[in-house]
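Everything below belongs to target00.txt, which stores compact mmCIF, N, CA and C atoms.
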# COMPACT_ATOMS: atom_id res chain seq x y z
N MET A 1 0.84 -1.16 0.00
CA MET A 1 0.00 0.00 0.00
C MET A 1 0.89 1.24 0.00
N ASN A 2 0.50 2.22 -0.78
CA ASN A 2 1.17 3.52 -0.78
C ASN A 2 0.35 4.51 0.03
N ILE A 3 1.01 5.23 0.91
CA ILE A 3 0.36 6.23 1.74
C ILE A 3 0.96 7.58 1.37
N LEU A 4 0.11 8.50 0.95
CA LEU A 4 0.54 9.83 0.55
C LEU A 4 0.19 10.82 1.66
N LEU A 5 1.20 11.49 2.20
CA LEU A 5 1.00 12.45 3.28
C LEU A 5 1.41 13.84 2.84
N ASP A 6 0.60 14.80 3.20
CA ASP A 6 0.95 16.20 2.98
C ASP A 6 1.61 16.69 4.26
N MET A 7 2.68 17.43 4.13
CA MET A 7 3.37 17.96 5.31
C MET A 7 2.53 19.04 5.98
N ASP A 8 2.06 20.00 5.19
CA ASP A 8 1.39 21.19 5.71
C ASP A 8 0.01 20.86 6.26
N GLY A 9 -0.12 20.94 7.57
CA GLY A 9 -1.40 20.72 8.21
C GLY A 9 -1.72 19.27 8.52
N VAL A 10 -0.89 18.36 8.06
CA VAL A 10 -1.10 16.94 8.35
C VAL A 10 -0.09 16.48 9.39
N VAL A 11 1.19 16.67 9.13
CA VAL A 11 2.21 16.33 10.12
C VAL A 11 2.96 17.56 10.64
N CYS A 12 2.75 18.69 10.01
CA CYS A 12 3.41 19.93 10.44
C CYS A 12 2.38 21.05 10.59
N ASP A 13 2.66 21.97 11.50
CA ASP A 13 1.73 23.05 11.84
C ASP A 13 1.93 24.26 10.94
N TRP A 14 1.44 24.17 9.72
CA TRP A 14 1.54 25.27 8.76
C TRP A 14 0.71 26.47 9.22
N ILE A 15 -0.47 26.22 9.76
CA ILE A 15 -1.33 27.31 10.20
C ILE A 15 -0.66 28.10 11.32
N GLY A 16 -0.10 27.41 12.30
CA GLY A 16 0.58 28.09 13.39
C GLY A 16 1.74 28.94 12.90
N ALA A 17 2.56 28.37 12.03
CA ALA A 17 3.71 29.10 11.50
C ALA A 17 3.27 30.31 10.68
N THR A 18 2.22 30.15 9.90
CA THR A 18 1.72 31.25 9.08
C THR A 18 1.16 32.36 9.96
N CYS A 19 0.42 31.99 10.98
CA CYS A 19 -0.11 33.01 11.90
C CYS A 19 1.01 33.75 12.60
N ARG A 20 2.04 33.03 13.02
CA ARG A 20 3.19 33.69 13.67
C ARG A 20 3.88 34.66 12.71
N ALA A 21 3.93 34.31 11.43
CA ALA A 21 4.55 35.20 10.43
C ALA A 21 3.81 36.54 10.34
N PHE A 22 2.53 36.53 10.71
CA PHE A 22 1.71 37.75 10.68
C PHE A 22 1.43 38.28 12.10
N ASN A 23 2.15 37.73 13.08
CA ASN A 23 1.98 38.13 14.49
C ASN A 23 0.54 38.00 14.96
N LYS A 24 -0.09 36.88 14.59
CA LYS A 24 -1.48 36.61 14.97
C LYS A 24 -1.55 35.30 15.76
N ASP A 25 -2.55 35.22 16.62
CA ASP A 25 -2.81 34.01 17.40
C ASP A 25 -3.63 33.05 16.54
N PRO A 26 -3.15 31.83 16.31
CA PRO A 26 -3.89 30.87 15.47
C PRO A 26 -5.33 30.64 15.93
N LYS A 27 -5.56 30.61 17.23
CA LYS A 27 -6.93 30.39 17.73
C LYS A 27 -7.86 31.53 17.31
N GLU A 28 -7.35 32.74 17.30
CA GLU A 28 -8.16 33.88 16.89
C GLU A 28 -8.37 33.90 15.38
N VAL A 29 -7.36 33.53 14.63
CA VAL A 29 -7.47 33.53 13.17
C VAL A 29 -8.50 32.50 12.72
N ILE A 30 -8.46 31.32 13.28
CA ILE A 30 -9.39 30.27 12.88
C ILE A 30 -10.80 30.62 13.34
N LYS A 31 -10.94 31.23 14.49
CA LYS A 31 -12.24 31.55 15.05
C LYS A 31 -13.02 32.54 14.19
N VAL A 32 -12.35 33.47 13.54
CA VAL A 32 -13.07 34.51 12.80
C VAL A 32 -13.46 34.08 11.38
N GLN A 33 -13.04 32.92 10.95
CA GLN A 33 -13.40 32.48 9.62
C GLN A 33 -14.88 32.14 9.55
N PRO A 34 -15.55 32.52 8.48
CA PRO A 34 -16.97 32.19 8.32
C PRO A 34 -17.18 30.69 8.30
N SER A 35 -18.29 30.26 8.81
CA SER A 35 -18.61 28.83 8.83
C SER A 35 -18.55 28.24 7.43
N GLY A 36 -17.85 27.13 7.31
CA GLY A 36 -17.75 26.44 6.04
C GLY A 36 -16.67 26.97 5.11
N ALA A 37 -16.09 28.10 5.43
CA ALA A 37 -15.05 28.68 4.56
C ALA A 37 -13.69 28.34 5.12
N PHE A 38 -12.78 27.96 4.25
CA PHE A 38 -11.40 27.79 4.69
C PHE A 38 -10.50 28.58 3.78
N GLY A 39 -9.70 29.34 4.38
CA GLY A 39 -8.73 30.18 3.71
C GLY A 39 -8.13 31.03 4.79
N ILE A 40 -6.93 30.72 5.17
CA ILE A 40 -6.32 31.41 6.31
C ILE A 40 -6.26 32.91 6.08
N GLU A 41 -6.22 33.31 4.82
CA GLU A 41 -6.18 34.75 4.54
C GLU A 41 -7.45 35.45 5.02
N ILE A 42 -8.57 34.74 5.06
CA ILE A 42 -9.81 35.32 5.57
C ILE A 42 -9.63 35.69 7.04
N GLY A 43 -9.12 34.75 7.82
CA GLY A 43 -8.90 34.99 9.24
C GLY A 43 -7.82 36.02 9.51
N LEU A 44 -6.85 36.11 8.63
CA LEU A 44 -5.77 37.09 8.79
C LEU A 44 -6.20 38.48 8.33
N GLY A 45 -7.31 38.54 7.58
CA GLY A 45 -7.79 39.83 7.09
C GLY A 45 -6.96 40.39 5.96
N ILE A 46 -6.41 39.49 5.13
CA ILE A 46 -5.58 39.90 4.00
C ILE A 46 -6.04 39.16 2.75
N THR A 47 -5.46 39.51 1.62
CA THR A 47 -5.77 38.80 0.38
C THR A 47 -4.84 37.59 0.23
N ARG A 48 -5.22 36.69 -0.64
CA ARG A 48 -4.37 35.53 -0.93
C ARG A 48 -3.02 35.99 -1.46
N ASP A 49 -3.02 37.01 -2.30
CA ASP A 49 -1.75 37.53 -2.83
C ASP A 49 -0.85 38.06 -1.70
N GLN A 50 -1.44 38.78 -0.75
CA GLN A 50 -0.66 39.29 0.38
C GLN A 50 -0.09 38.14 1.22
N LEU A 51 -0.88 37.11 1.38
CA LEU A 51 -0.42 35.93 2.13
C LEU A 51 0.85 35.37 1.50
N TRP A 52 0.79 35.08 0.20
CA TRP A 52 1.92 34.43 -0.46
C TRP A 52 3.09 35.37 -0.68
N GLU A 53 2.83 36.65 -0.86
CA GLU A 53 3.93 37.61 -0.98
C GLU A 53 4.74 37.65 0.33
N THR A 54 4.04 37.62 1.45
CA THR A 54 4.72 37.65 2.75
C THR A 54 5.51 36.37 2.98
N LEU A 55 4.88 35.22 2.75
CA LEU A 55 5.58 33.95 2.96
C LEU A 55 6.75 33.79 2.00
N ASP A 56 6.55 34.19 0.75
CA ASP A 56 7.65 34.15 -0.21
C ASP A 56 8.78 35.08 0.22
N GLY A 57 8.42 36.22 0.81
CA GLY A 57 9.42 37.18 1.27
C GLY A 57 10.26 36.64 2.42
N ILE A 58 9.64 35.82 3.27
CA ILE A 58 10.40 35.17 4.35
C ILE A 58 11.39 34.19 3.74
N GLY A 59 10.97 33.56 2.68
CA GLY A 59 11.86 32.66 1.94
C GLY A 59 11.94 31.26 2.50
N GLU A 60 13.04 30.64 2.18
CA GLU A 60 13.29 29.24 2.53
C GLU A 60 13.19 28.98 4.04
N ASP A 61 13.57 29.96 4.83
CA ASP A 61 13.54 29.81 6.28
C ASP A 61 12.14 29.48 6.80
N PHE A 62 11.12 30.04 6.15
CA PHE A 62 9.76 29.75 6.59
C PHE A 62 9.49 28.25 6.50
N TRP A 63 9.85 27.65 5.38
CA TRP A 63 9.56 26.24 5.14
C TRP A 63 10.52 25.33 5.90
N ALA A 64 11.75 25.73 6.05
CA ALA A 64 12.76 24.86 6.67
C ALA A 64 12.82 24.99 8.18
N GLU A 65 12.53 26.17 8.73
CA GLU A 65 12.75 26.41 10.16
C GLU A 65 11.50 26.77 10.95
N GLN A 66 10.58 27.49 10.33
CA GLN A 66 9.46 28.02 11.10
C GLN A 66 8.27 27.08 11.21
N ILE A 67 8.08 26.20 10.25
CA ILE A 67 7.00 25.22 10.33
C ILE A 67 7.52 24.04 11.14
N GLN A 68 6.85 23.76 12.25
CA GLN A 68 7.29 22.70 13.15
C GLN A 68 6.37 21.48 13.05
N PRO A 69 6.93 20.28 13.22
CA PRO A 69 6.08 19.08 13.24
C PRO A 69 5.15 19.11 14.45
N TYR A 70 3.98 18.51 14.28
CA TYR A 70 3.09 18.32 15.43
C TYR A 70 3.77 17.36 16.40
N PRO A 71 3.45 17.42 17.69
CA PRO A 71 4.10 16.55 18.68
C PRO A 71 3.95 15.05 18.37
N TRP A 72 2.90 14.69 17.71
CA TRP A 72 2.63 13.28 17.43
C TRP A 72 3.10 12.84 16.04
N ALA A 73 3.76 13.71 15.29
CA ALA A 73 4.11 13.43 13.89
C ALA A 73 5.00 12.21 13.73
N THR A 74 6.00 12.05 14.59
CA THR A 74 6.92 10.91 14.45
C THR A 74 6.19 9.59 14.67
N LYS A 75 5.33 9.53 15.67
CA LYS A 75 4.57 8.30 15.93
C LYS A 75 3.59 8.01 14.79
N PHE A 76 2.98 9.05 14.27
CA PHE A 76 2.06 8.91 13.14
C PHE A 76 2.78 8.35 11.92
N TYR A 77 3.94 8.92 11.63
CA TYR A 77 4.74 8.46 10.50
C TYR A 77 5.14 6.99 10.68
N ALA A 78 5.60 6.64 11.87
CA ALA A 78 6.00 5.24 12.15
C ALA A 78 4.82 4.29 11.97
N ALA A 79 3.64 4.70 12.44
CA ALA A 79 2.46 3.86 12.28
C ALA A 79 2.10 3.68 10.80
N CYS A 80 2.22 4.75 10.04
CA CYS A 80 1.94 4.67 8.60
C CYS A 80 2.93 3.74 7.90
N CYS A 81 4.20 3.81 8.31
CA CYS A 81 5.23 2.97 7.70
C CYS A 81 4.96 1.48 7.91
N LYS A 82 4.30 1.15 8.99
CA LYS A 82 3.94 -0.25 9.25
C LYS A 82 2.86 -0.74 8.29
N LEU A 83 2.13 0.19 7.71
CA LEU A 83 1.02 -0.17 6.81
C LEU A 83 1.44 -0.21 5.34
N GLY A 84 2.50 0.52 5.00
CA GLY A 84 2.90 0.57 3.62
C GLY A 84 4.01 1.59 3.40
N SER A 85 4.24 1.91 2.13
CA SER A 85 5.24 2.90 1.76
C SER A 85 4.66 4.29 1.90
N VAL A 86 5.43 5.16 2.58
CA VAL A 86 4.95 6.51 2.87
C VAL A 86 5.68 7.50 1.96
N TYR A 87 4.90 8.38 1.35
CA TYR A 87 5.46 9.41 0.47
C TYR A 87 4.89 10.76 0.90
N PHE A 88 5.76 11.77 0.92
CA PHE A 88 5.33 13.12 1.27
C PHE A 88 5.21 13.94 0.01

Produce structure tokens that represent the structure in this file.
Amino acid sequence: MNILLDMDGVVCDWIGATCRAFNKDPKEVIKVQPSGAFGIEIGLGITRDQLWETLDGIGEDFWAEQIQPYPWATKFYAACCKLGSVYF
């Protein structure tokens, strides 16, 4: 079996890192989003272009250093590996 995992939001806290990049509390950002809508830019009060311009401006460091794995990520990965081949 092949298991496909996305890093952002599955094993790593992309939302937390993105909120920190804008000096916002993730709990507040998620809370203000309209029901049924997902788009972190809505909660941040910015456009999608502003979101990506800022993250791109931070550069490689955002992806390599600022996004942290969830506390349970290693155990989750190990459990997935027991079931099949894991690809990110």

Stretch 9-30 of chain A residues near stretch 37-48 of chain A within 8 Å, closest pair each, using only C-alpha atoms, as a tab-separated table:
residue	atom	partner	partner_atom	distance
A:Ile15	CA	A:Ile40	CA	7.5
A:Cys19	CA	A:Leu44	CA	7.6
A:Phe22	CA	A:Leu44	CA	7.7
A:Lys24	CA	A:Leu44	CA	7.5
A:Glu28	CA	A:Gly43	CA	7.8
A:Val29	CA	A:Gly43	CA	4.4
A:Ile30	CA	A:Gly43	CA	6.0

Item checked: Å distance separating atom N of A:Tyr87 from atom CA of A:Glu53, one decimal place -> 29.3 Å

Next item on the list: Looking only at alpha helix (DSSP H) from DSSP on the backbone, list the matching residues of chain A as a PyMOL selection string.
Entry: chain A and resi 14-21+26-31+40-44+48-58+60-61+73-83

Next item on the list: as a VMD selection string, please: all residues of chain A that backbone DSSP puts in strand (DSSP E or B).
Entry: chain A and resid 2 to 4 8 12 69 85 to 87

Item checked: Coordinates-based distance that separates atom CA of A:Ile67 from atom CA of A:Cys81 (Å, one decimal) ->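 Computed distance, atom CA of A:Cys81 to atom CA of A:Ile67, equals 22.5 Å.
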